[in-house]
>>> print(open('my_file20.cif').read())   # mmCIF, C-alpha atoms
data_data
#
loop_
_atom_site.label_atom_id
_atom_site.label_comp_id
_atom_site.auth_asym_id
_atom_site.auth_seq_id
_atom_site.Cartn_x
_atom_site.Cartn_y
_atom_site.Cartn_z
CA MET E 4 80.33 137.69 136.39
CA SER E 5 77.61 136.61 138.81
CA ALA E 6 73.98 137.53 138.27
CA ASP E 7 74.07 139.84 141.29
CA ARG E 8 77.18 141.59 139.98
CA THR E 9 75.63 142.00 136.54
CA GLN E 10 72.52 143.50 138.10
CA ALA E 11 74.62 145.94 140.16
CA ARG E 12 76.61 146.89 137.05
CA ASP E 13 73.47 147.55 135.03
CA ALA E 14 71.97 149.66 137.83
CA PHE E 15 75.17 151.73 138.08
CA LEU E 16 75.23 152.37 134.32
CA ALA E 17 71.55 153.27 134.30
CA GLN E 18 72.07 155.84 137.03
CA ALA E 19 75.07 157.23 135.14
CA GLY E 20 73.03 157.56 131.94
CA TRP E 21 74.83 154.78 130.05
CA ALA E 22 72.25 152.01 130.34
CA ASP E 23 71.85 151.50 126.59
CA ALA E 24 75.56 151.69 125.72
CA SER E 25 77.24 148.88 123.83
CA ALA E 26 80.09 147.23 125.72
CA THR E 27 83.33 145.62 124.57
CA PRO E 28 85.74 143.93 126.98
CA VAL E 29 89.14 145.61 127.31
CA ALA E 30 92.14 143.42 128.02
CA GLY E 31 93.36 143.75 131.59
CA ASP E 32 96.58 142.67 133.21
CA ALA E 33 97.60 140.50 136.15
CA SER E 34 94.95 142.01 138.45
CA THR E 35 91.38 140.85 138.99
CA ARG E 36 89.90 144.16 137.80
CA LEU E 37 87.64 144.03 134.75
CA TYR E 38 87.33 146.74 132.11
CA GLU E 39 84.78 147.44 129.38
CA ARG E 40 84.75 150.09 126.68
CA LEU E 41 81.29 151.59 126.40
CA ALA E 42 79.98 153.34 123.30
CA LYS E 43 76.88 155.51 123.07
CA GLY E 44 75.88 158.28 120.69
CA GLY E 45 79.38 158.75 119.31
CA LYS E 46 80.90 158.94 122.79
CA SER E 47 82.94 156.36 124.66
CA ALA E 48 83.89 155.66 128.26
CA ILE E 49 85.61 152.96 130.26
CA LEU E 50 83.85 150.98 132.96
CA MET E 51 86.16 149.73 135.70
CA ASP E 52 84.67 146.87 137.67
CA ALA E 53 86.63 146.19 140.85
CA PRO E 54 84.55 145.00 143.80
CA PRO E 55 86.24 145.34 147.17
CA GLY E 56 88.03 142.10 147.91
CA PRO E 57 88.57 140.25 151.17
CA ASP E 58 91.93 140.61 152.84
CA GLY E 59 94.37 137.78 152.18
CA PRO E 60 95.87 135.42 154.75
CA PRO E 61 98.45 136.75 157.20
CA VAL E 62 102.04 136.44 155.99
CA LYS E 63 103.98 138.48 158.56
CA ASP E 64 103.20 139.97 161.96
CA GLY E 65 99.56 138.95 161.60
CA LYS E 66 99.09 141.09 158.49
CA SER E 67 98.30 140.15 154.91
CA TYR E 68 100.71 140.81 152.06
CA SER E 69 98.46 143.51 150.60
CA ALA E 70 98.21 145.28 153.97
CA ILE E 71 101.98 145.27 154.50
CA VAL E 72 102.88 146.55 151.04
CA HIS E 73 99.88 148.90 150.83
CA LEU E 74 97.95 147.50 147.87
CA ALA E 75 94.53 149.05 147.28
CA GLU E 76 91.65 146.88 148.43
CA ASP E 77 88.91 149.08 146.98
CA MET E 78 88.61 151.90 144.44
CA ARG E 79 88.88 154.87 146.82
CA PRO E 80 92.64 155.23 146.23
CA PHE E 81 92.16 155.25 142.45
CA ALA E 82 89.48 157.93 142.68
CA ALA E 83 91.59 160.05 145.01
CA ILE E 84 94.82 159.80 143.01
CA ALA E 85 93.03 160.38 139.69
CA ARG E 86 91.60 163.64 140.98
CA HIS E 87 94.95 164.69 142.43
CA LEU E 88 96.68 164.10 139.10
CA THR E 89 94.11 165.92 136.98
CA GLN E 90 94.02 168.85 139.42
CA HIS E 91 97.76 169.27 138.85
CA GLY E 92 97.48 169.16 135.06
CA PHE E 93 98.38 165.53 134.36
CA SER E 94 96.36 163.29 132.04
CA ALA E 95 94.71 160.75 134.30
CA PRO E 96 91.18 159.66 133.35
CA GLU E 97 88.40 161.99 134.37
CA ILE E 98 85.82 160.24 136.55
CA PHE E 99 82.30 160.56 135.13
CA ALA E 100 80.48 158.49 137.76
CA GLN E 101 81.43 156.30 140.69
CA ASP E 102 80.09 153.82 143.21
CA LEU E 103 83.08 153.24 145.44
CA THR E 104 81.17 151.02 147.84
CA GLN E 105 80.43 148.46 145.15
CA GLY E 106 83.55 149.13 143.12
CA PHE E 107 82.37 150.73 139.88
CA LEU E 108 84.00 153.68 138.12
CA LEU E 109 82.94 155.22 134.82
CA LEU E 110 86.08 156.78 133.37
CA GLU E 111 87.18 158.96 130.50
CA ASP E 112 88.39 156.81 127.62
CA LEU E 113 92.01 157.75 126.94
CA GLY E 114 92.21 155.42 123.95
CA ASP E 115 94.47 152.52 122.99
CA GLY E 116 97.73 154.33 122.31
CA VAL E 117 99.83 152.31 124.74
CA PHE E 118 103.56 152.88 124.42
CA ALA E 119 104.44 149.44 123.05
CA ALA E 120 101.86 149.65 120.26
CA ARG E 121 102.93 153.16 119.29
CA ILE E 122 106.61 152.21 119.23
CA ASP E 123 105.81 149.14 117.12
CA ALA E 124 103.93 151.48 114.77
CA GLY E 125 107.02 153.64 114.31
CA ASP E 126 106.94 156.25 117.07
CA SER E 127 110.29 157.17 118.61
CA GLU E 128 110.94 155.08 121.69
CA GLU E 129 113.22 157.66 123.23
CA GLU E 130 110.74 160.47 122.56
CA LEU E 131 107.87 158.62 124.26
CA TYR E 132 109.87 157.50 127.27
CA GLY E 133 111.39 160.98 127.43
CA GLY E 134 107.93 162.50 127.65
CA ALA E 135 107.10 160.11 130.47
CA VAL E 136 110.32 161.12 132.25
CA ASP E 137 109.28 164.77 131.99
CA VAL E 138 105.93 163.92 133.58
CA LEU E 139 107.70 162.26 136.51
CA ALA E 140 110.03 165.20 137.02
CA ALA E 141 107.04 167.57 137.11
CA LEU E 142 105.03 165.28 139.39
CA HIS E 143 107.93 164.91 141.81
CA ALA E 144 108.10 168.70 142.14
CA VAL E 145 104.56 168.66 143.58
CA PRO E 146 104.51 168.31 147.40
CA ALA E 147 103.59 164.77 148.37
CA PRO E 148 99.93 164.55 149.40
CA THR E 149 98.96 162.68 152.54
CA LEU E 150 95.17 163.05 152.66
CA LEU E 151 93.07 163.16 149.49
CA GLY E 152 89.35 163.38 148.81
CA CYS E 153 87.67 160.58 146.89
CA GLY E 154 84.83 162.65 145.45
CA ASP E 155 82.09 161.27 147.68
CA ASP E 156 80.88 161.68 151.24
CA GLY E 157 82.92 158.75 152.51
CA PRO E 158 86.28 158.83 154.25
CA HIS E 159 89.25 160.48 152.61
CA HIS E 160 92.13 158.40 151.34
CA ILE E 161 95.34 158.51 153.35
CA VAL E 162 98.24 157.91 150.95
CA PRO E 163 100.40 155.36 152.77
CA PRO E 164 104.17 155.53 153.18
CA PHE E 165 106.31 153.11 151.19
CA ASP E 166 108.31 152.14 154.26
CA ASP E 167 111.25 149.76 154.43
CA ASN E 168 109.04 146.97 155.80
CA ALA E 169 106.90 147.17 152.65
CA LEU E 170 109.96 147.26 150.39
CA MET E 171 111.50 144.28 152.20
CA THR E 172 108.29 142.24 152.08
CA GLU E 173 108.05 142.79 148.33
CA ALA E 174 111.67 141.80 147.75
CA GLU E 175 111.18 138.63 149.80
CA LEU E 176 108.96 137.27 147.04
CA LEU E 177 112.12 136.18 145.22
CA PRO E 178 113.66 133.90 147.87
CA SER E 179 110.27 132.30 148.35
CA TRP E 180 108.32 132.11 145.08
CA TYR E 181 111.18 132.30 142.57
CA ALA E 182 113.24 129.82 144.59
CA ARG E 183 110.31 127.40 144.47
CA LEU E 184 110.13 127.86 140.72
CA ALA E 185 113.86 127.51 140.05
CA PHE E 186 114.90 125.06 142.77
CA GLY E 187 111.68 123.34 143.76
CA ASP E 188 111.63 124.68 147.33
CA ASP E 189 112.18 127.76 149.49
CA LEU E 190 115.76 128.73 150.20
CA ASP E 191 117.02 127.55 153.56
CA ALA E 192 116.70 129.69 156.68
CA THR E 193 120.33 130.81 156.55
CA ALA E 194 119.99 132.13 153.00
CA GLN E 195 116.73 133.89 153.81
CA ALA E 196 118.23 135.52 156.90
CA ALA E 197 121.21 136.69 154.85
CA PHE E 198 118.83 138.14 152.25
CA HIS E 199 117.12 140.19 154.96
CA VAL E 200 120.42 141.42 156.38
CA ALA E 201 121.70 142.48 152.95
CA TRP E 202 118.61 144.50 152.11
CA THR E 203 118.50 146.03 155.58
CA GLN E 204 121.93 147.50 154.88
CA VAL E 205 120.89 148.86 151.49
CA LEU E 206 117.30 150.16 151.62
CA PRO E 207 117.89 153.21 153.86
CA LYS E 208 120.33 154.57 151.25
CA ALA E 209 117.43 155.04 148.82
CA ARG E 210 115.92 157.85 150.90
CA THR E 211 118.20 160.63 149.73
CA ALA E 212 115.65 163.46 149.64
CA ALA E 213 112.05 164.25 150.51
CA ASP E 214 109.67 161.47 149.56
CA VAL E 215 107.23 162.03 146.69
CA LEU E 216 104.03 160.53 145.33
CA LEU E 217 104.89 157.22 143.63
CA LEU E 218 102.38 155.87 141.11
CA ARG E 219 104.17 152.53 141.53
CA ASP E 220 103.35 150.83 138.21
CA TYR E 221 104.59 153.63 136.00
CA HIS E 222 105.69 151.67 132.93
CA SER E 223 104.69 151.05 129.33
CA PRO E 224 101.42 149.07 129.80
CA ASN E 225 100.03 151.95 131.87
CA LEU E 226 101.17 154.86 129.69
CA LEU E 227 99.23 156.13 126.67
CA VAL E 228 99.97 158.59 123.88
CA LEU E 229 97.24 161.23 123.57
CA ASP E 230 97.62 162.82 120.15
CA ASP E 231 95.05 165.53 120.82
CA ARG E 232 97.11 166.91 123.73
CA SER E 233 100.55 168.41 124.02
CA GLY E 234 103.32 168.86 126.53
CA LEU E 235 103.04 166.90 129.74
CA GLN E 236 99.38 166.18 128.99
CA ARG E 237 100.32 164.15 125.92
CA ILE E 238 101.14 161.23 128.24
CA GLY E 239 98.06 159.48 129.60
CA ILE E 240 98.43 157.70 132.93
CA ILE E 241 96.36 154.76 134.19
CA ASP E 242 96.65 152.11 136.91
CA PHE E 243 97.79 154.08 139.94
CA GLN E 244 95.48 152.84 142.68
CA ASP E 245 98.46 151.45 144.63
CA ALA E 246 100.18 154.85 144.83
CA VAL E 247 102.30 155.50 147.92
CA ILE E 248 104.68 158.12 149.31
CA GLY E 249 108.31 157.06 148.86
CA PRO E 250 111.69 157.59 147.15
CA ALA E 251 111.43 159.42 143.81
CA ALA E 252 113.85 156.98 142.20
CA TYR E 253 111.30 154.15 142.37
CA ASP E 254 109.02 155.35 139.55
CA VAL E 255 112.00 156.44 137.45
CA ALA E 256 113.39 152.90 137.69
CA SER E 257 109.95 151.44 137.01
CA LEU E 258 109.84 153.40 133.74
CA LEU E 259 113.42 153.08 132.49
CA GLN E 260 113.77 149.43 133.52
CA ASP E 261 110.41 148.51 132.00
CA ALA E 262 109.40 145.00 133.05
CA ARG E 263 107.39 144.36 129.87
CA ARG E 264 109.76 145.57 127.17
CA THR E 265 113.48 146.05 126.96
CA VAL E 266 114.70 149.63 127.29
CA PRO E 267 118.19 149.78 125.72
CA ALA E 268 120.93 150.73 128.17
CA ASP E 269 121.95 153.80 126.18
CA ILE E 270 118.39 155.18 126.21
CA GLU E 271 118.12 154.45 129.92
CA THR E 272 121.34 156.37 130.55
CA ARG E 273 120.29 159.42 128.53
CA LEU E 274 116.80 159.60 130.01
CA LEU E 275 118.07 159.15 133.54
CA ALA E 276 120.31 162.18 132.93
CA ARG E 277 117.30 164.03 131.50
CA TYR E 278 115.33 163.41 134.70
CA GLU E 279 118.27 164.51 136.85
CA ALA E 280 118.69 167.71 134.84
CA ALA E 281 115.01 168.55 135.25
CA ARG E 282 115.10 167.93 138.99
CA ALA E 283 118.31 169.94 139.39
CA ALA E 284 116.65 172.85 137.55
CA GLN E 285 113.76 172.70 140.04
CA ASN E 286 115.95 172.27 143.12
CA ALA E 287 119.49 173.56 143.45
CA GLY E 288 120.09 171.07 146.27
CA PHE E 289 119.39 168.02 144.09
CA ASP E 290 122.21 165.46 144.62
CA ALA E 291 122.69 163.51 141.39
CA ASP E 292 125.16 161.02 142.89
CA ALA E 293 122.83 160.18 145.77
CA PHE E 294 119.95 159.86 143.32
CA ARG E 295 121.94 157.42 141.15
CA ALA E 296 122.48 155.22 144.19
CA ALA E 297 118.78 155.42 145.06
CA TYR E 298 117.89 154.60 141.44
CA ALA E 299 120.03 151.45 141.49
CA ILE E 300 118.58 150.38 144.86
CA MET E 301 114.97 150.95 143.84
CA GLY E 302 115.57 149.29 140.47
CA ALA E 303 117.08 146.26 142.17
CA GLN E 304 114.25 146.07 144.70
CA ARG E 305 111.57 146.35 142.02
CA ASN E 306 113.18 143.82 139.70
CA THR E 307 113.70 141.40 142.58
CA LYS E 308 110.05 141.78 143.56
CA ILE E 309 108.71 141.33 140.03
CA ILE E 310 110.76 138.19 139.44
CA GLY E 311 109.06 136.79 142.53
CA ILE E 312 105.63 137.99 141.40
CA PHE E 313 105.96 136.44 137.96
CA ALA E 314 106.96 133.14 139.55
CA ARG E 315 103.95 133.39 141.87
CA LEU E 316 101.63 134.08 138.94
CA LEU E 317 102.58 130.68 137.53
CA LEU E 318 102.80 128.62 140.70
CA ARG E 319 99.78 130.06 142.53
CA ASP E 320 97.57 131.43 139.77
CA GLY E 321 98.41 129.18 136.81
CA LYS E 322 99.49 132.11 134.58
CA PRO E 323 102.69 131.13 132.72
CA GLY E 324 102.83 134.05 130.27
CA TYR E 325 104.86 136.27 132.58
CA LEU E 326 107.84 133.91 132.72
CA GLN E 327 109.07 135.30 129.38
CA HIS E 328 109.94 138.58 131.10
CA ILE E 329 112.18 137.14 133.83
CA PRO E 330 115.43 137.06 131.77
CA ARG E 331 114.93 140.75 130.95
CA LEU E 332 114.49 141.53 134.64
CA ALA E 333 117.70 139.65 135.38
CA ASP E 334 119.54 141.87 132.90
CA TYR E 335 118.17 145.01 134.55
CA LEU E 336 119.06 143.60 137.94
CA ALA E 337 122.65 143.08 136.80
CA ARG E 338 122.86 146.78 135.87
CA ASP E 339 121.58 147.74 139.32
CA LEU E 340 123.77 145.38 141.32
CA ALA E 341 126.87 146.82 139.67
CA HIS E 342 126.42 149.99 141.75
CA PRO E 343 128.65 150.01 144.86
CA ALA E 344 125.67 150.87 147.08
CA LEU E 345 124.27 147.41 146.39
CA ALA E 346 127.40 145.41 147.26
CA PRO E 347 125.73 143.40 150.07
CA VAL E 348 122.78 142.43 147.86
CA ALA E 349 125.05 141.63 144.91
CA ALA E 350 127.07 139.31 147.14
CA TRP E 351 123.88 137.57 148.28
CA PHE E 352 122.76 136.90 144.71
CA GLU E 353 126.17 135.58 143.76
CA ALA E 354 126.13 133.18 146.70
CA HIS E 355 122.52 131.99 146.60
CA VAL E 356 120.72 132.83 143.32
CA PRO E 357 123.25 133.70 140.60
CA LEU E 358 121.91 135.98 137.89
CA GLU E 359 123.08 133.46 135.29
CA LYS E 360 120.43 131.13 136.70
CA ILE E 361 117.68 133.76 136.49
CA ARG E 362 118.63 134.63 132.91
CA VAL E 363 117.88 131.10 131.68
CA PRO E 364 114.31 130.99 130.28
CA ILE E 365 112.01 128.60 132.13
CA ASP E 366 109.67 126.29 130.24
CA PRO E 367 106.42 126.35 132.23
CA ASP E 368 105.60 122.82 131.06
CA THR E 369 108.56 121.53 133.06
CA VAL E 370 107.48 123.17 136.30
CA THR E 371 105.85 121.10 139.02
CA LYS E 372 103.13 123.21 140.59
#
>>> encode(input="my_file20.cif", output="structure tokens")
Amino acid sequence: MSADRTQARDAFLAQAGWADASATPVAGDASTRLYERLAKGGKSAILMDAPPGPDGPPVKDGKSYSAIVHLAEDMRPFAAIARHLTQHGFSAPEIFAQDLTQGFLLLEDLGDGVFAARIDAGDSEEELYGGAVDVLAALHAVPAPTLLGCGDDGPHHIVPPFDDNALMTEAELLPSWYARLAFGDDLDATAQAAFHVAWTQVLPKARTAADVLLLRDYHSPNLLVLDDRSGLQRIGIIDFQDAVIGPAAYDVASLLQDARRTVPADIETRLLARYEAARAAQNAGFDADAFRAAYAIMGAQRNTKIIGIFARLLLRDGKPGYLQHIPRLADYLARDLAHPALAPVAAWFEAHVPLEKIRVPIDPDTVTK
């Protein structure tokens, strides 16, 4: 952290009344955001440090990747979505203080009870994931917001649509970055054009009902068990600054095809039915067959994207640790591609990037960057 950033941090904490708090770094993830756990007088809080970043280089139609796929470039979306969630009774962190211009948020500390740690400690995997499914079903019954306040005098946050251009741009990470990792170069123009055609045929089938608020990274690293709460509030939710409006199936697939830990197929099947039953109880017009198709399409799109992202994290950012997850993603992708709605995409993979290839673990030491 630069001296100027440290000075800004200290000034923010002083204004918030936490100047003399002790601070311990909290492990982050693939993002550039920094987190600290603060302790003072028997109380704790989380400091999120995320200065607004410059836009990246143009990748398509003169726009950056983050602009096309609607990634947050400052903390206004986080502040807006956090308030929306808590106002509707969900357990997102309360915001104690904020400086959205500089990128500081002082947040309620929801603890360390991440799903993976709790399951390793003996909690029921199906019970925890089931609770998270119930949260999604309840959230998806709330009308999708389009304009949200950020809690300051600045502009409101417009929740962007997760349009097919964004979904396609994300999926295209595989024929570029993963192909470079696996084959040493991009796929040829014919294969890339065929990839685009296949997904163009498939993506519209995912929009089977009214779009909802998607938290977008709704999976085990971002879900916490809150033992002092019950019902829907027992599940703590973090990391939702990239939220968009899109097909409900996306977050369900994000959860039940967890990129960081293997969800057994039988648990996935039961909890998918649990979500469908909850949605059908809310809405007599809920079409389970159409939702299953949307679930397979969104699962395939997300897994395709993440395979590309994990390859990019090695090749561009020098982070090899994510390669271990790619075989799991290939297994999920196989489940998705078995659905008839994905026949064009399944045929593309078979012809150009067979799943058997993706399933083979890659030794990062053998990769030429």
>>> residues_around(input="my_file20.cif", residues="E:Ala291", least_positions_apart="6", cutoff="12 Å", atoms="only C-alpha atoms", output="PyMOL selection string")
chain E and resi 211-212+252+275-284+297-298
>>> closest_residue(input="my_file20.cif", among="E:Glu353, E:Asp230, E:Asp269, E:Asp13", to="E:Leu131", atoms="all atoms listed in the file")
E:Asp230
>>> atom_distance(input="my_file20.cif", atom1="atom CA of E:Met171", atom2="atom CA of E:Ala196")
12.0 Å
>>> resolve_selection(input="my_file20.cif", expression="the PyMOL selection byres ((chain E and resi 172) around 10)", output="number ranges by chain")
E: 62-63, 68, 71-72, 167-171, 173-177, 199, 308
>>> residues_near_point(input="my_file20.cif", point="(108.9, 164.6, 153.2)", cutoff="9 Å", atoms="all atoms listed in the file", output="count of residues only")
8
>>> decode(input="my_file20.cif", residues="stretch 242-269 of chain E", atoms="N, CA, C and O atoms", output="mmCIF file, in the first residue's frame")
data_model
loop_
_atom_site.group_PDB
_atom_site.id
_atom_site.type_symbol
_atom_site.label_atom_id
_atom_site.label_comp_id
_atom_site.auth_asym_id
_atom_site.auth_seq_id
_atom_site.Cartn_x
_atom_site.Cartn_y
_atom_site.Cartn_z
ATOM 1 N N ASP E 242 -19.604 -10.234 -1.290
ATOM 2 C CA ASP E 242 -19.058 -10.208 -2.653
ATOM 3 C C ASP E 242 -20.161 -10.206 -3.714
ATOM 4 O O ASP E 242 -20.345 -11.175 -4.447
ATOM 5 N N PHE E 243 -20.856 -9.096 -3.797
ATOM 6 C CA PHE E 243 -21.971 -8.994 -4.747
ATOM 7 C C PHE E 243 -21.928 -7.680 -5.515
ATOM 8 O O PHE E 243 -22.937 -7.245 -6.071
ATOM 9 N N GLN E 244 -20.761 -7.047 -5.567
ATOM 10 C CA GLN E 244 -20.659 -5.750 -6.226
ATOM 11 C C GLN E 244 -20.873 -5.828 -7.741
ATOM 12 O O GLN E 244 -21.150 -4.824 -8.386
ATOM 13 N N ASP E 245 -20.758 -7.029 -8.309
ATOM 14 C CA ASP E 245 -20.956 -7.185 -9.756
ATOM 15 C C ASP E 245 -22.382 -7.623 -10.100
ATOM 16 O O ASP E 245 -22.628 -8.151 -11.193
ATOM 17 N N ALA E 246 -23.321 -7.414 -9.186
ATOM 18 C CA ALA E 246 -24.697 -7.858 -9.389
ATOM 19 C C ALA E 246 -25.300 -7.233 -10.650
ATOM 20 O O ALA E 246 -25.017 -6.083 -11.009
ATOM 21 N N VAL E 247 -26.148 -8.015 -11.313
ATOM 22 C CA VAL E 247 -26.792 -7.606 -12.559
ATOM 23 C C VAL E 247 -28.236 -8.105 -12.545
ATOM 24 O O VAL E 247 -28.643 -8.838 -11.643
ATOM 25 N N ILE E 248 -28.987 -7.727 -13.571
ATOM 26 C CA ILE E 248 -30.342 -8.229 -13.751
ATOM 27 C C ILE E 248 -30.302 -9.260 -14.886
ATOM 28 O O ILE E 248 -29.904 -8.935 -16.010
ATOM 29 N N GLY E 249 -30.699 -10.508 -14.591
ATOM 30 C CA GLY E 249 -30.608 -11.538 -15.613
ATOM 31 C C GLY E 249 -31.384 -12.786 -15.245
ATOM 32 O O GLY E 249 -32.191 -12.778 -14.306
ATOM 33 N N PRO E 250 -31.156 -13.885 -15.966
ATOM 34 C CA PRO E 250 -31.913 -15.125 -15.752
ATOM 35 C C PRO E 250 -31.679 -15.723 -14.366
ATOM 36 O O PRO E 250 -30.534 -15.886 -13.923
ATOM 37 N N ALA E 251 -32.757 -16.072 -13.679
ATOM 38 C CA ALA E 251 -32.667 -16.598 -12.314
ATOM 39 C C ALA E 251 -31.776 -17.828 -12.221
ATOM 40 O O ALA E 251 -31.136 -18.064 -11.191
ATOM 41 N N ALA E 252 -31.729 -18.613 -13.285
ATOM 42 C CA ALA E 252 -30.972 -19.863 -13.247
ATOM 43 C C ALA E 252 -29.479 -19.637 -13.029
ATOM 44 O O ALA E 252 -28.780 -20.545 -12.566
ATOM 45 N N TYR E 253 -28.990 -18.448 -13.338
ATOM 46 C CA TYR E 253 -27.542 -18.214 -13.260
ATOM 47 C C TYR E 253 -27.005 -18.416 -11.847
ATOM 48 O O TYR E 253 -26.034 -19.149 -11.627
ATOM 49 N N ASP E 254 -27.629 -17.752 -10.851
ATOM 50 C CA ASP E 254 -27.123 -17.879 -9.482
ATOM 51 C C ASP E 254 -27.365 -19.273 -8.920
ATOM 52 O O ASP E 254 -26.587 -19.757 -8.086
ATOM 53 N N VAL E 255 -28.439 -19.931 -9.351
ATOM 54 C CA VAL E 255 -28.686 -21.298 -8.888
ATOM 55 C C VAL E 255 -27.568 -22.212 -9.393
ATOM 56 O O VAL E 255 -27.031 -23.041 -8.645
ATOM 57 N N ALA E 256 -27.170 -22.050 -10.645
ATOM 58 C CA ALA E 256 -26.070 -22.840 -11.191
ATOM 59 C C ALA E 256 -24.751 -22.473 -10.528
ATOM 60 O O ALA E 256 -23.912 -23.345 -10.256
ATOM 61 N N SER E 257 -24.555 -21.194 -10.242
ATOM 62 C CA SER E 257 -23.335 -20.763 -9.555
ATOM 63 C C SER E 257 -23.188 -21.469 -8.212
ATOM 64 O O SER E 257 -22.090 -21.870 -7.824
ATOM 65 N N LEU E 258 -24.302 -21.638 -7.504
ATOM 66 C CA LEU E 258 -24.287 -22.290 -6.195
ATOM 67 C C LEU E 258 -24.117 -23.806 -6.305
ATOM 68 O O LEU E 258 -23.242 -24.389 -5.659
ATOM 69 N N LEU E 259 -24.950 -24.442 -7.114
ATOM 70 C CA LEU E 259 -25.006 -25.906 -7.127
ATOM 71 C C LEU E 259 -23.952 -26.535 -8.022
ATOM 72 O O LEU E 259 -23.750 -27.757 -7.964
ATOM 73 N N GLN E 260 -23.270 -25.713 -8.840
ATOM 74 C CA GLN E 260 -22.091 -26.170 -9.567
ATOM 75 C C GLN E 260 -20.921 -25.307 -9.094
ATOM 76 O O GLN E 260 -20.286 -24.597 -9.859
ATOM 77 N N ASP E 261 -20.649 -25.414 -7.808
ATOM 78 C CA ASP E 261 -19.681 -24.570 -7.108
ATOM 79 C C ASP E 261 -18.290 -24.747 -7.713
ATOM 80 O O ASP E 261 -17.747 -25.849 -7.755
ATOM 81 N N ALA E 262 -17.704 -23.648 -8.168
ATOM 82 C CA ALA E 262 -16.397 -23.725 -8.827
ATOM 83 C C ALA E 262 -15.280 -24.131 -7.878
ATOM 84 O O ALA E 262 -14.263 -24.676 -8.316
ATOM 85 N N ARG E 263 -15.443 -23.907 -6.590
ATOM 86 C CA ARG E 263 -14.336 -24.125 -5.648
ATOM 87 C C ARG E 263 -14.404 -25.439 -4.895
ATOM 88 O O ARG E 263 -13.444 -25.823 -4.246
ATOM 89 N N ARG E 264 -15.542 -26.096 -4.910
ATOM 90 C CA ARG E 264 -15.648 -27.388 -4.245
ATOM 91 C C ARG E 264 -16.706 -28.215 -4.958
ATOM 92 O O ARG E 264 -17.661 -27.674 -5.503
ATOM 93 N N THR E 265 -16.515 -29.504 -4.969
ATOM 94 C CA THR E 265 -17.390 -30.377 -5.728
ATOM 95 C C THR E 265 -18.707 -30.595 -5.002
ATOM 96 O O THR E 265 -18.731 -31.058 -3.852
ATOM 97 N N VAL E 266 -19.801 -30.249 -5.653
ATOM 98 C CA VAL E 266 -21.137 -30.556 -5.143
ATOM 99 C C VAL E 266 -21.567 -31.873 -5.791
ATOM 100 O O VAL E 266 -21.685 -31.950 -7.015
ATOM 101 N N PRO E 267 -21.773 -32.928 -5.005
ATOM 102 C CA PRO E 267 -22.167 -34.212 -5.593
ATOM 103 C C PRO E 267 -23.423 -34.087 -6.442
ATOM 104 O O PRO E 267 -24.333 -33.306 -6.130
ATOM 105 N N ALA E 268 -23.486 -34.878 -7.504
ATOM 106 C CA ALA E 268 -24.603 -34.771 -8.449
ATOM 107 C C ALA E 268 -25.942 -35.039 -7.787
ATOM 108 O O ALA E 268 -26.952 -34.419 -8.147
ATOM 109 N N ASP E 269 -25.984 -35.959 -6.807
ATOM 110 C CA ASP E 269 -27.270 -36.252 -6.176
ATOM 111 C C ASP E 269 -27.755 -35.080 -5.330
ATOM 112 O O ASP E 269 -28.957 -34.774 -5.294
#
